[in-house]
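Chemist: Data file coords.pdb (PDB, C-alpha atoms and all ligand atoms) is appended below.
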```pdb
ATOM      1  CA  VAL A   1       0.000   0.000   0.000  1.00  0.00           C
ATOM      2  CA  ARG A   2       1.389   3.394  -0.995  1.00  0.00           C
ATOM      3  CA  LEU A   3       0.636   6.862   0.261  1.00  0.00           C
ATOM      4  CA  LEU A   4      -0.458   9.040  -2.678  1.00  0.00           C
ATOM      5  CA  ARG A   5      -1.886  12.278  -1.331  1.00  0.00           C
ATOM      6  CA  LEU A   6      -2.818  14.117   1.833  1.00  0.00           C
ATOM      7  CA  ALA A   7      -5.366  16.922   1.571  1.00  0.00           C
ATOM      8  CA  LEU A   8      -6.124  19.272   4.456  1.00  0.00           C
ATOM      9  CA  LEU A   9      -8.801  21.880   4.943  1.00  0.00           C
ATOM     10  CA  GLY A  10      -8.980  23.864   8.181  1.00  0.00           C
ATOM     11  CA  PHE A  11      -6.930  21.278  10.084  1.00  0.00           C
ATOM     12  CA  LYS A  12      -4.909  22.940  12.878  1.00  0.00           C
ATOM     13  CA  SER A  13      -2.613  25.576  11.285  1.00  0.00           C
ATOM     14  CA  PHE A  14      -3.803  24.796   7.711  1.00  0.00           C
ATOM     15  CA  ALA A  15      -6.566  27.335   7.169  1.00  0.00           C
ATOM     16  CA  ASP A  16      -6.261  27.225   3.370  1.00  0.00           C
ATOM     17  CA  PRO A  17      -6.763  24.003   1.440  1.00  0.00           C
ATOM     18  CA  VAL A  18      -3.445  22.184   1.008  1.00  0.00           C
ATOM     19  CA  GLU A  19      -2.680  19.038  -0.897  1.00  0.00           C
ATOM     20  CA  LEU A  20       0.568  17.123  -0.543  1.00  0.00           C
ATOM     21  CA  VAL A  21       1.472  14.639  -3.267  1.00  0.00           C
ATOM     22  CA  PHE A  22       3.846  11.844  -2.308  1.00  0.00           C
ATOM     23  CA  ASP A  23       5.892  10.609  -5.234  1.00  0.00           C
ATOM     24  CA  ARG A  24       7.761   7.332  -5.185  1.00  0.00           C
ATOM     25  CA  GLY A  25      10.923   7.459  -3.109  1.00  0.00           C
ATOM     26  CA  ILE A  26      11.512   9.620  -0.085  1.00  0.00           C
ATOM     27  CA  THR A  27       9.527  12.776   0.667  1.00  0.00           C
ATOM     28  CA  ALA A  28      11.024  15.289   3.083  1.00  0.00           C
ATOM     29  CA  ILE A  29       8.979  18.138   4.506  1.00  0.00           C
ATOM     30  CA  VAL A  30      11.031  21.086   5.675  1.00  0.00           C
ATOM     31  CA  GLY A  31      10.070  24.368   7.313  1.00  0.00           C
ATOM     32  CA  PRO A  32      10.791  26.606  10.291  1.00  0.00           C
ATOM     33  CA  ASN A  33       9.634  25.741  13.814  1.00  0.00           C
ATOM     34  CA  GLY A  34       5.917  26.064  14.227  1.00  0.00           C
ATOM     35  CA  SER A  35       5.206  25.998  10.503  1.00  0.00           C
ATOM     36  CA  GLY A  36       3.072  22.878  10.831  1.00  0.00           C
ATOM     37  CA  LYS A  37       5.316  19.908  10.030  1.00  0.00           C
ATOM     38  CA  SER A  38       4.175  17.927  13.058  1.00  0.00           C
ATOM     39  CA  ASN A  39       0.588  18.881  12.276  1.00  0.00           C
ATOM     40  CA  LEU A  40       0.926  16.952   8.998  1.00  0.00           C
ATOM     41  CA  ALA A  41       1.934  13.747  10.802  1.00  0.00           C
ATOM     42  CA  GLU A  42      -0.946  14.364  13.187  1.00  0.00           C
ATOM     43  CA  ALA A  43      -3.333  14.812  10.261  1.00  0.00           C
ATOM     44  CA  ILE A  44      -2.384  11.325   9.045  1.00  0.00           C
ATOM     45  CA  ALA A  45      -2.943   9.825  12.499  1.00  0.00           C
ATOM     46  CA  TRP A  46      -6.190  11.790  12.900  1.00  0.00           C
ATOM     47  CA  VAL A  47      -7.772  10.835   9.564  1.00  0.00           C
ATOM     48  CA  LEU A  48      -7.064   7.204  10.445  1.00  0.00           C
ATOM     49  CA  GLY A  49      -9.312   7.481  13.485  1.00  0.00           C
ATOM     50  CA  GLU A  50      -6.852   8.494  16.201  1.00  0.00           C
ATOM     51  CA  GLN A  51      -8.752  10.167  19.029  1.00  0.00           C
ATOM     52  CA  ALA A  52      -7.860  13.517  20.619  1.00  0.00           C
ATOM     53  CA  GLY A  53      -5.340  13.422  23.417  1.00  0.00           C
ATOM     54  CA  SER A  54      -3.369  10.423  22.244  1.00  0.00           C
ATOM     55  CA  ALA A  55      -1.203  10.847  19.147  1.00  0.00           C
ATOM     56  CA  VAL A  56      -3.065  14.019  18.224  1.00  0.00           C
ATOM     57  CA  ARG A  57      -2.043  16.942  20.423  1.00  0.00           C
ATOM     58  CA  SER A  58      -5.485  18.236  21.343  1.00  0.00           C
ATOM     59  CA  ARG A  59      -7.820  17.984  24.298  1.00  0.00           C
ATOM     60  CA  ARG A  60     -11.193  18.182  22.576  1.00  0.00           C
ATOM     61  CA  ALA A  61     -12.471  16.876  19.263  1.00  0.00           C
ATOM     62  CA  ASP A  62     -12.830  20.401  17.827  1.00  0.00           C
ATOM     63  CA  ASP A  63      -9.319  21.521  18.923  1.00  0.00           C
ATOM     64  CA  VAL A  64      -8.046  20.363  15.540  1.00  0.00           C
ATOM     65  CA  ILE A  65     -10.147  22.994  13.718  1.00  0.00           C
ATOM     66  CA  PHE A  66      -8.222  26.122  12.659  1.00  0.00           C
ATOM     67  CA  ALA A  67      -8.633  28.447  15.628  1.00  0.00           C
ATOM     68  CA  GLY A  68      -8.065  31.714  13.755  1.00  0.00           C
ATOM     69  CA  GLY A  69      -4.949  33.830  13.301  1.00  0.00           C
ATOM     70  CA  PRO A  70      -3.904  37.474  13.539  1.00  0.00           C
ATOM     71  CA  ASP A  71      -5.918  38.400  10.436  1.00  0.00           C
ATOM     72  CA  ARG A  72      -8.125  35.373   9.911  1.00  0.00           C
ATOM     73  CA  PRO A  73     -11.267  34.252  11.645  1.00  0.00           C
ATOM     74  CA  SER A  74     -11.577  30.703  12.961  1.00  0.00           C
ATOM     75  CA  LEU A  75     -13.231  28.055  10.802  1.00  0.00           C
ATOM     76  CA  GLY A  76     -16.229  25.862  11.499  1.00  0.00           C
ATOM     77  CA  MET A  77     -14.903  22.584  10.196  1.00  0.00           C
ATOM     78  CA  ALA A  78     -11.685  20.614   9.691  1.00  0.00           C
ATOM     79  CA  GLU A  79     -11.331  17.992   7.001  1.00  0.00           C
ATOM     80  CA  VAL A  80      -8.457  15.663   6.104  1.00  0.00           C
ATOM     81  CA  THR A  81      -8.369  13.183   3.211  1.00  0.00           C
ATOM     82  CA  LEU A  82      -5.670  10.555   2.861  1.00  0.00           C
ATOM     83  CA  THR A  83      -5.439   8.786  -0.495  1.00  0.00           C
ATOM     84  CA  LEU A  84      -3.743   5.398  -0.712  1.00  0.00           C
ATOM     85  CA  GLU A  85      -2.981   3.068  -3.560  1.00  0.00           C
ATOM     86  CA  GLN A  86      -3.139  -0.714  -3.282  1.00  0.00           C
ATOM     87  CA  ASP A  87      -2.084  -3.399  -5.760  1.00  0.00           C
ATOM     88  CA  GLY A  88      -4.603  -6.006  -4.655  1.00  0.00           C
ATOM     89  CA  ASP A  89      -7.354  -5.675  -2.086  1.00  0.00           C
ATOM     90  CA  GLU A  90      -5.136  -5.575   0.989  1.00  0.00           C
ATOM     91  CA  LEU A  91      -7.279  -2.786   2.415  1.00  0.00           C
ATOM     92  CA  GLY A  92     -10.475  -4.791   2.008  1.00  0.00           C
ATOM     93  CA  VAL A  93     -11.994  -2.191  -0.342  1.00  0.00           C
ATOM     94  CA  PRO A  94     -12.504  -2.941  -4.055  1.00  0.00           C
ATOM     95  CA  PHE A  95     -10.689   0.124  -5.423  1.00  0.00           C
ATOM     96  CA  ARG A  96      -7.109   0.678  -6.507  1.00  0.00           C
ATOM     97  CA  GLU A  97      -7.157   4.159  -4.996  1.00  0.00           C
ATOM     98  CA  VAL A  98      -8.688   4.321  -1.560  1.00  0.00           C
ATOM     99  CA  SER A  99      -9.399   7.657   0.045  1.00  0.00           C
ATOM    100  CA  VAL A 100     -10.277   8.063   3.693  1.00  0.00           C
ATOM    101  CA  THR A 101     -11.828  11.347   4.847  1.00  0.00           C
ATOM    102  CA  ARG A 102     -12.508  12.584   8.348  1.00  0.00           C
ATOM    103  CA  ARG A 103     -14.394  15.769   9.191  1.00  0.00           C
ATOM    104  CA  VAL A 104     -15.159  17.396  12.469  1.00  0.00           C
ATOM    105  CA  PHE A 105     -17.499  20.312  13.107  1.00  0.00           C
ATOM    106  CA  ARG A 106     -17.478  22.861  15.953  1.00  0.00           C
ATOM    107  CA  ASP A 107     -20.258  21.013  17.776  1.00  0.00           C
ATOM    108  CA  GLY A 108     -17.973  17.962  17.847  1.00  0.00           C
ATOM    109  CA  GLU A 109     -19.883  16.017  15.187  1.00  0.00           C
ATOM    110  CA  THR A 110     -17.474  13.748  13.322  1.00  0.00           C
ATOM    111  CA  GLN A 111     -17.924  12.127   9.933  1.00  0.00           C
ATOM    112  CA  TYR A 112     -15.874   9.483   8.166  1.00  0.00           C
ATOM    113  CA  LEU A 113     -15.967   8.741   4.436  1.00  0.00           C
ATOM    114  CA  ILE A 114     -14.308   6.028   2.393  1.00  0.00           C
ATOM    115  CA  ASN A 115     -14.082   6.914  -1.314  1.00  0.00           C
ATOM    116  CA  GLY A 116     -16.694   9.587  -0.747  1.00  0.00           C
ATOM    117  CA  SER A 117     -19.304   7.370   0.932  1.00  0.00           C
ATOM    118  CA  ARG A 118     -20.179   7.698   4.600  1.00  0.00           C
ATOM    119  CA  ALA A 119     -18.375   5.100   6.663  1.00  0.00           C
ATOM    120  CA  ARG A 120     -18.151   4.097  10.304  1.00  0.00           C
ATOM    121  CA  LEU A 121     -15.163   4.696  12.572  1.00  0.00           C
ATOM    122  CA  ARG A 122     -14.687   0.936  12.768  1.00  0.00           C
ATOM    123  CA  ASP A 123     -14.327   0.735   8.945  1.00  0.00           C
ATOM    124  CA  VAL A 124     -11.582   3.363   9.118  1.00  0.00           C
ATOM    125  CA  LEU A 125      -9.913   1.640  12.076  1.00  0.00           C
ATOM    126  CA  ARG A 126      -9.839  -1.600  10.108  1.00  0.00           C
ATOM    127  CA  ILE A 127      -7.878   0.147   7.320  1.00  0.00           C
ATOM    128  CA  ALA A 128      -5.652   1.822   9.941  1.00  0.00           C
ATOM    129  CA  ALA A 129      -4.847  -1.563  11.502  1.00  0.00           C
ATOM    130  CA  ILE A 130      -3.805  -2.948   8.102  1.00  0.00           C
ATOM    131  CA  LEU A 131      -1.578   0.080   7.497  1.00  0.00           C
ATOM    132  CA  ARG A 132      -0.074  -0.162  10.963  1.00  0.00           C
ATOM    133  CA  ALA A 133       1.487  -3.507  10.013  1.00  0.00           C
ATOM    134  CA  ASP A 134       3.483  -1.619   7.354  1.00  0.00           C
ATOM    135  CA  TRP A 135       3.905   1.905   8.648  1.00  0.00           C
ATOM    136  CA  ILE A 136       5.516   3.646  11.521  1.00  0.00           C
ATOM    137  CA  ILE A 137       4.771   7.206  12.562  1.00  0.00           C
ATOM    138  CA  THR A 138       7.596   8.523  14.720  1.00  0.00           C
ATOM    139  CA  ARG A 139       7.022  11.748  16.561  1.00  0.00           C
ATOM    140  CA  GLN A 140       9.350  14.313  18.034  1.00  0.00           C
ATOM    141  CA  GLY A 141      10.744  12.972  21.290  1.00  0.00           C
ATOM    142  CA  SER A 142      10.092   9.382  20.361  1.00  0.00           C
ATOM    143  CA  VAL A 143      13.518   9.194  18.711  1.00  0.00           C
ATOM    144  CA  ASP A 144      14.949   9.412  22.251  1.00  0.00           C
ATOM    145  CA  ASP A 145      12.699   6.534  23.307  1.00  0.00           C
ATOM    146  CA  VAL A 146      14.087   4.428  20.477  1.00  0.00           C
ATOM    147  CA  LEU A 147      17.665   5.265  21.493  1.00  0.00           C
ATOM    148  CA  GLU A 148      16.895   4.262  25.085  1.00  0.00           C
ATOM    149  CA  GLN A 149      15.468   0.894  24.082  1.00  0.00           C
ATOM    150  CA  ARG A 150      17.404  -2.286  24.753  1.00  0.00           C
ATOM    151  CA  PRO A 151      19.323  -3.474  21.660  1.00  0.00           C
ATOM    152  CA  ALA A 152      16.900  -6.325  20.916  1.00  0.00           C
ATOM    153  CA  GLU A 153      13.877  -3.978  21.086  1.00  0.00           C
ATOM    154  CA  ARG A 154      15.607  -1.374  18.950  1.00  0.00           C
ATOM    155  CA  ARG A 155      16.504  -3.973  16.355  1.00  0.00           C
ATOM    156  CA  HIS A 156      12.883  -5.155  16.301  1.00  0.00           C
ATOM    157  CA  TYR A 157      11.678  -1.559  15.821  1.00  0.00           C
ATOM    158  CA  LEU A 158      14.140  -0.819  12.998  1.00  0.00           C
ATOM    159  CA  GLU A 159      13.358  -4.092  11.266  1.00  0.00           C
ATOM    160  CA  HIS A 160       9.662  -3.240  11.427  1.00  0.00           C
ATOM    161  CA  ALA A 161      10.380   0.239  10.030  1.00  0.00           C
ATOM    162  CA  ALA A 162      12.401  -1.272   7.192  1.00  0.00           C
ATOM    163  CA  GLY A 163       9.586  -3.660   6.334  1.00  0.00           C
ATOM    164  CA  LEU A 164      11.624  -6.648   7.460  1.00  0.00           C
ATOM    165  CA  SER A 165       9.091  -8.085   9.906  1.00  0.00           C
ATOM    166  CA  ALA A 166       6.949  -9.447   7.083  1.00  0.00           C
ATOM    167  CA  LEU A 167      10.037 -11.000   5.490  1.00  0.00           C
ATOM    168  CA  ARG A 168      11.076 -12.524   8.831  1.00  0.00           C
ATOM    169  CA  LEU A 169       7.652 -14.071   9.180  1.00  0.00           C
ATOM    170  CA  ARG A 170       7.941 -15.584   5.715  1.00  0.00           C
ATOM    171  CA  GLN A 171      11.446 -16.830   6.551  1.00  0.00           C
ATOM    172  CA  ALA A 172      10.145 -18.538   9.710  1.00  0.00           C
ATOM    173  CA  GLU A 173       7.304 -20.132   7.722  1.00  0.00           C
ATOM    174  CA  ALA A 174       9.731 -21.337   5.051  1.00  0.00           C
ATOM    175  CA  ARG A 175      12.009 -22.837   7.747  1.00  0.00           C
ATOM    176  CA  GLN A 176       9.023 -24.632   9.263  1.00  0.00           C
ATOM    177  CA  GLN A 177       8.028 -26.053   5.858  1.00  0.00           C
ATOM    178  CA  LEU A 178      11.596 -27.143   5.220  1.00  0.00           C
ATOM    179  CA  ALA A 179      11.731 -28.929   8.580  1.00  0.00           C
ATOM    180  CA  GLU A 180       8.451 -30.700   7.794  1.00  0.00           C
ATOM    181  CA  ALA A 181       9.696 -31.695   4.324  1.00  0.00           C
ATOM    182  CA  GLU A 182      12.881 -33.086   5.887  1.00  0.00           C
ATOM    183  CA  GLN A 183      10.802 -35.141   8.312  1.00  0.00           C
ATOM    184  CA  HIS A 184       8.735 -36.553   5.445  1.00  0.00           C
ATOM    185  CA  ALA A 185      11.902 -37.420   3.519  1.00  0.00           C
ATOM    186  CA  GLN A 186      13.304 -39.153   6.601  1.00  0.00           C
ATOM    187  CA  ARG A 187      10.104 -41.158   7.020  1.00  0.00           C
ATOM    188  CA  LEU A 188      10.223 -42.200   3.338  1.00  0.00           C
ATOM    189  CA  ASP A 189      13.856 -43.256   3.750  1.00  0.00           C
ATOM    190  CA  ASP A 190      12.897 -45.428   6.736  1.00  0.00           C
ATOM    191  CA  LEU A 191      10.012 -47.001   4.780  1.00  0.00           C
ATOM    192  CA  LEU A 192      12.268 -47.726   1.797  1.00  0.00           C
ATOM    193  CA  ARG A 193      14.851 -49.338   4.056  1.00  0.00           C
ATOM    194  CA  GLU A 194      12.168 -51.578   5.587  1.00  0.00           C
ATOM    195  CA  LEU A 195      10.998 -52.634   2.121  1.00  0.00           C
ATOM    196  CA  GLU A 196      14.501 -53.492   0.865  1.00  0.00           C
TER     197      GLU A 196
HETATM  198  P1  LIG B 201       8.272  22.364  15.412  1.00  0.00           P
HETATM  199  O1  LIG B 201       9.442  21.954  14.622  1.00  0.00           O
HETATM  200  O2  LIG B 201       8.495  23.527  16.311  1.00  0.00           O
HETATM  201  O3  LIG B 201       7.515  21.245  16.071  1.00  0.00           O
HETATM  202  P2  LIG B 201       6.348  22.226  13.359  1.00  0.00           P
HETATM  203  O4  LIG B 201       6.632  22.718  11.969  1.00  0.00           O
HETATM  204  O5  LIG B 201       6.329  20.774  13.592  1.00  0.00           O
HETATM  205  O6  LIG B 201       7.287  22.951  14.350  1.00  0.00           O
HETATM  206  P3  LIG B 201       3.741  22.167  14.376  1.00  0.00           P
HETATM  207  O7  LIG B 201       4.037  21.797  15.775  1.00  0.00           O
HETATM  208  O8  LIG B 201       3.230  21.130  13.458  1.00  0.00           O
HETATM  209  O9  LIG B 201       4.990  22.867  13.760  1.00  0.00           O
HETATM  210  O10 LIG B 201       2.724  23.372  14.296  1.00  0.00           O
HETATM  211  C1  LIG B 201       2.411  24.082  15.400  1.00  0.00           C
HETATM  212  C2  LIG B 201       1.655  25.298  14.961  1.00  0.00           C
HETATM  213  O11 LIG B 201       0.332  24.931  14.649  1.00  0.00           O
HETATM  214  C3  LIG B 201       1.631  26.266  16.076  1.00  0.00           C
HETATM  215  O12 LIG B 201       1.980  27.531  15.563  1.00  0.00           O
HETATM  216  C4  LIG B 201       0.194  26.246  16.525  1.00  0.00           C
HETATM  217  O13 LIG B 201      -0.236  27.502  16.967  1.00  0.00           O
HETATM  218  C5  LIG B 201      -0.513  25.862  15.262  1.00  0.00           C
HETATM  219  N1  LIG B 201      -1.829  25.246  15.568  1.00  0.00           N
HETATM  220  C6  LIG B 201      -2.073  24.092  16.203  1.00  0.00           C
HETATM  221  N2  LIG B 201      -3.382  23.870  16.316  1.00  0.00           N
HETATM  222  C7  LIG B 201      -3.997  24.927  15.716  1.00  0.00           C
HETATM  223  C8  LIG B 201      -5.355  25.302  15.507  1.00  0.00           C
HETATM  224  N3  LIG B 201      -6.381  24.535  15.925  1.00  0.00           N
HETATM  225  N4  LIG B 201      -5.593  26.461  14.856  1.00  0.00           N
HETATM  226  C9  LIG B 201      -4.581  27.240  14.432  1.00  0.00           C
HETATM  227  N5  LIG B 201      -3.290  26.945  14.592  1.00  0.00           N
HETATM  228  C10 LIG B 201      -2.998  25.803  15.229  1.00  0.00           C
END
```
Can you give me the file's structure in the form of structure tokens?

Modeler:
Amino acid sequence: VRLLRLALLGFKSFADPVELVFDRGITAIVGPNGSGKSNLAEAIAWVLGEQAGSAVRSRRADDVIFAGGPDRPSLGMAEVTLTLEQDGDELGVPFREVSVTRRVFRDGETQYLINGSRARLRDVLRIAAILRADWIITRQGSVDDVLEQRPAERRHYLEHAAGLSALRLRQAEARQQLAEAEQHAQRLDDLLRELE
């Protein structure tokens, strides 16, 4: 599953509509302190159903709505859309491009959409869980946590980040199959010897 686009409207510091397009390869987002880089990572966590207070730095549901600036009034709604691309149907949705939208209004009402149709939080959380097997969102400060981990934990984390955990799983399965095949071969050898 690949990340294609992230569109924001009224989310935190993004009063004007913004769309980020992620090409293949590495995308780096640079900007001065307070320009909203962390807010972008939070937008990804938020659209995937993260609740206020946890990964999203806000106390109330409507804290993520643009609160107004020196020469701009506050807005009434925040909306984030994350567009993904899948090769098969890993995400459990029959589209190559899958877009997930979350909106929140000032009264706290929240809506979720998948490819433009109203969806339930649990539908979005199901997609988020599938992505979580592949993705890691690392926030400021959590780099220190990684450095303080014991070597085995750190290795596990880095392998997960590099997409190695899935390969390790396949390696373990292949080893298991090999061991079983060797057992079968041994049993056949024994049978042949008895028949001779
Ligand atoms: P740093 O490197 O300092 O963390 P950053 O580029 O990651 O900077 P963010 O932390 O993403 O910046 O952005 C913080 C900015 O977003 C602050 O200026 C804050 O006032 C603004 N902000 C957060 N929530 C809202 C909101 N609801 N309405 C308007 N602005 C907001």

Chemist: Need the axis-aligned box for ligand LIG 201 (chain B) with 8 Å each side, so what are the centre and edges in Å to one decimal, as lines of an AutoDock Vina configuration file?

Modeler:
```
center_x = 1.5
center_y = 24.2
center_z = 14.5
size_x = 31.8
size_y = 22.8
size_z = 21.0
```

Chemist: For Leu48 in chain A, which of A:Gln176, A:Thr101, A:Thr138, A:Gln111 is the closest residue, counting all atoms listed in the file?

Modeler: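 Checking each candidate against Leu48 in chain A, we get A:Thr101 as the closest.
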
Chemist: Produce as a PyMOL selection string the set of residues near ligand LIG 201 (chain B), where near means within 10 Å with all atoms listed in the file considered.

Modeler: chain A and resi 10-15+29-43+57-58+62-69+72+74-75+78+139-140

Chemist: Rank nothing, just name the residue among A:Val146, A:Leu91, A:Met77, A:Ile136 nearest to Arg106 in chain A, using all atoms listed in the file.

Modeler: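 So, comparing all the options, the nearest one is A:Met77.
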
Chemist: Provide the CA of Ile44 in chain A to CA of Leu164 in chain A distance in Å, to one decimal place.

Modeler: 22.8 Å

Chemist: Running the PyMOL selection byres (((chain A and resi 107) around 9) and not hetatm) on this model by hand, what would come out? Give it as a list of chain:residue names.

Modeler: A:Ala61, A:Asp62, A:Gly76, A:Val104, A:Phe105, A:Arg106, A:Gly108, A:Glu109, A:Thr110

Chemist: Show me, as a ChimeraX atom specification, the residues that have an atom within 6 Å of Leu82 in chain A when counting all atoms listed in the file, minus same-chain residues fewer than 3 positions from it.

Modeler: /A:5-6,99-100

Chemist: List the residues selected by the PyMOL selection byres (((chain A and resi 120) around 12) and not hetatm) in the file shown, writing them as a count of residues only.

Modeler: 20

Chemist: Work out how far CA of Glu180 in chain A is from CA of Arg193 in chain A, in Å to one decimal.

Modeler: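 Taking CA of Arg193 in chain A as the start and CA of Glu180 in chain A as the end point, the length is 20.1 Å.
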
Chemist: So how many Å separate CA of Ala7 in chain A and CA of Gln51 in chain A, to one decimal?

Modeler: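 Value for the CA of Ala7 in chain A-CA of Gln51 in chain A distance: 19.0 Å.
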
Chemist: If the PyMOL selection byres (((chain A and resi 154-157) around 12) and not hetatm) were run on this exact file, what residues would it hold? Put them as an mmCIF file with C-alpha atoms, keeping the file's coordinate frame.

Modeler:
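Just written: out_19.cif:
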```
data_model
loop_
_atom_site.group_PDB
_atom_site.id
_atom_site.type_symbol
_atom_site.label_atom_id
_atom_site.label_comp_id
_atom_site.auth_asym_id
_atom_site.auth_seq_id
_atom_site.Cartn_x
_atom_site.Cartn_y
_atom_site.Cartn_z
ATOM 1 C CA ALA A 133 1.487 -3.507 10.013
ATOM 2 C CA ASP A 134 3.483 -1.619 7.354
ATOM 3 C CA TRP A 135 3.905 1.905 8.648
ATOM 4 C CA ILE A 136 5.516 3.646 11.521
ATOM 5 C CA ILE A 137 4.771 7.206 12.562
ATOM 6 C CA THR A 138 7.596 8.523 14.720
ATOM 7 C CA SER A 142 10.092 9.382 20.361
ATOM 8 C CA VAL A 143 13.518 9.194 18.711
ATOM 9 C CA ASP A 144 14.949 9.412 22.251
ATOM 10 C CA ASP A 145 12.699 6.534 23.307
ATOM 11 C CA VAL A 146 14.087 4.428 20.477
ATOM 12 C CA LEU A 147 17.665 5.265 21.493
ATOM 13 C CA GLU A 148 16.895 4.262 25.085
ATOM 14 C CA GLN A 149 15.468 0.894 24.082
ATOM 15 C CA ARG A 150 17.404 -2.286 24.753
ATOM 16 C CA PRO A 151 19.323 -3.474 21.660
ATOM 17 C CA ALA A 152 16.900 -6.325 20.916
ATOM 18 C CA GLU A 153 13.877 -3.978 21.086
ATOM 19 C CA LEU A 158 14.140 -0.819 12.998
ATOM 20 C CA GLU A 159 13.358 -4.092 11.266
ATOM 21 C CA HIS A 160 9.662 -3.240 11.427
ATOM 22 C CA ALA A 161 10.380 0.239 10.030
ATOM 23 C CA ALA A 162 12.401 -1.272 7.192
ATOM 24 C CA GLY A 163 9.586 -3.660 6.334
ATOM 25 C CA LEU A 164 11.624 -6.648 7.460
ATOM 26 C CA SER A 165 9.091 -8.085 9.906
ATOM 27 C CA ALA A 166 6.949 -9.447 7.083
ATOM 28 C CA ARG A 168 11.076 -12.524 8.831
#
```

Chemist: Go through A:Leu4, A:Val47, A:Leu9, A:Asp87 one by one, measure the shortest atom-to-atom distance of each to Thr27 in chain A using only C-alpha atoms, and give the residue with the smallest value.

Modeler: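 Of the candidates, the smallest distance to Thr27 in chain A is held by A:Leu4.
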
Chemist: Can range 22-37 of chain A be brought up to N, CA and C atoms and written out as a CSV table (one decimal), in the coordinates of the input?

Modeler:
```
chain,number,residue,atom,x,y,z
A,22,PHE,N,2.7,12.6,-2.6
A,22,PHE,CA,3.8,11.8,-2.3
A,22,PHE,C,4.2,11.0,-3.5
A,23,ASP,N,5.4,11.4,-4.1
A,23,ASP,CA,5.9,10.6,-5.2
A,23,ASP,C,6.6,9.4,-4.7
A,24,ARG,N,7.0,8.5,-5.6
A,24,ARG,CA,7.8,7.3,-5.2
A,24,ARG,C,9.1,7.8,-4.6
A,25,GLY,N,9.7,7.1,-3.7
A,25,GLY,CA,10.9,7.5,-3.1
A,25,GLY,C,10.7,8.2,-1.8
A,26,ILE,N,11.6,9.0,-1.4
A,26,ILE,CA,11.5,9.6,-0.1
A,26,ILE,C,11.0,11.0,-0.2
A,27,THR,N,10.0,11.4,0.6
A,27,THR,CA,9.5,12.8,0.7
A,27,THR,C,10.0,13.4,2.0
A,28,ALA,N,10.6,14.6,1.9
A,28,ALA,CA,11.0,15.3,3.1
A,28,ALA,C,10.2,16.6,3.1
A,29,ILE,N,9.7,16.9,4.3
A,29,ILE,CA,9.0,18.1,4.5
A,29,ILE,C,9.8,19.0,5.4
A,30,VAL,N,10.2,20.2,4.9
A,30,VAL,CA,11.0,21.1,5.7
A,30,VAL,C,10.3,22.4,5.9
A,31,GLY,N,10.7,23.1,7.0
A,31,GLY,CA,10.1,24.4,7.3
A,31,GLY,C,10.5,24.8,8.7
A,32,PRO,N,10.4,26.1,9.0
A,32,PRO,CA,10.8,26.6,10.3
A,32,PRO,C,9.9,26.0,11.4
A,33,ASN,N,10.4,26.2,12.7
A,33,ASN,CA,9.6,25.7,13.8
A,33,ASN,C,8.2,26.4,13.8
A,34,GLY,N,7.3,25.6,14.1
A,34,GLY,CA,5.9,26.1,14.2
A,34,GLY,C,5.2,26.2,12.9
A,35,SER,N,5.8,25.8,11.8
A,35,SER,CA,5.2,26.0,10.5
A,35,SER,C,4.2,24.9,10.2
A,36,GLY,N,4.1,23.9,11.0
A,36,GLY,CA,3.1,22.9,10.8
A,36,GLY,C,3.5,21.5,10.4
A,37,LYS,N,4.8,21.2,10.5
A,37,LYS,CA,5.3,19.9,10.0
A,37,LYS,C,4.7,18.8,10.9
```
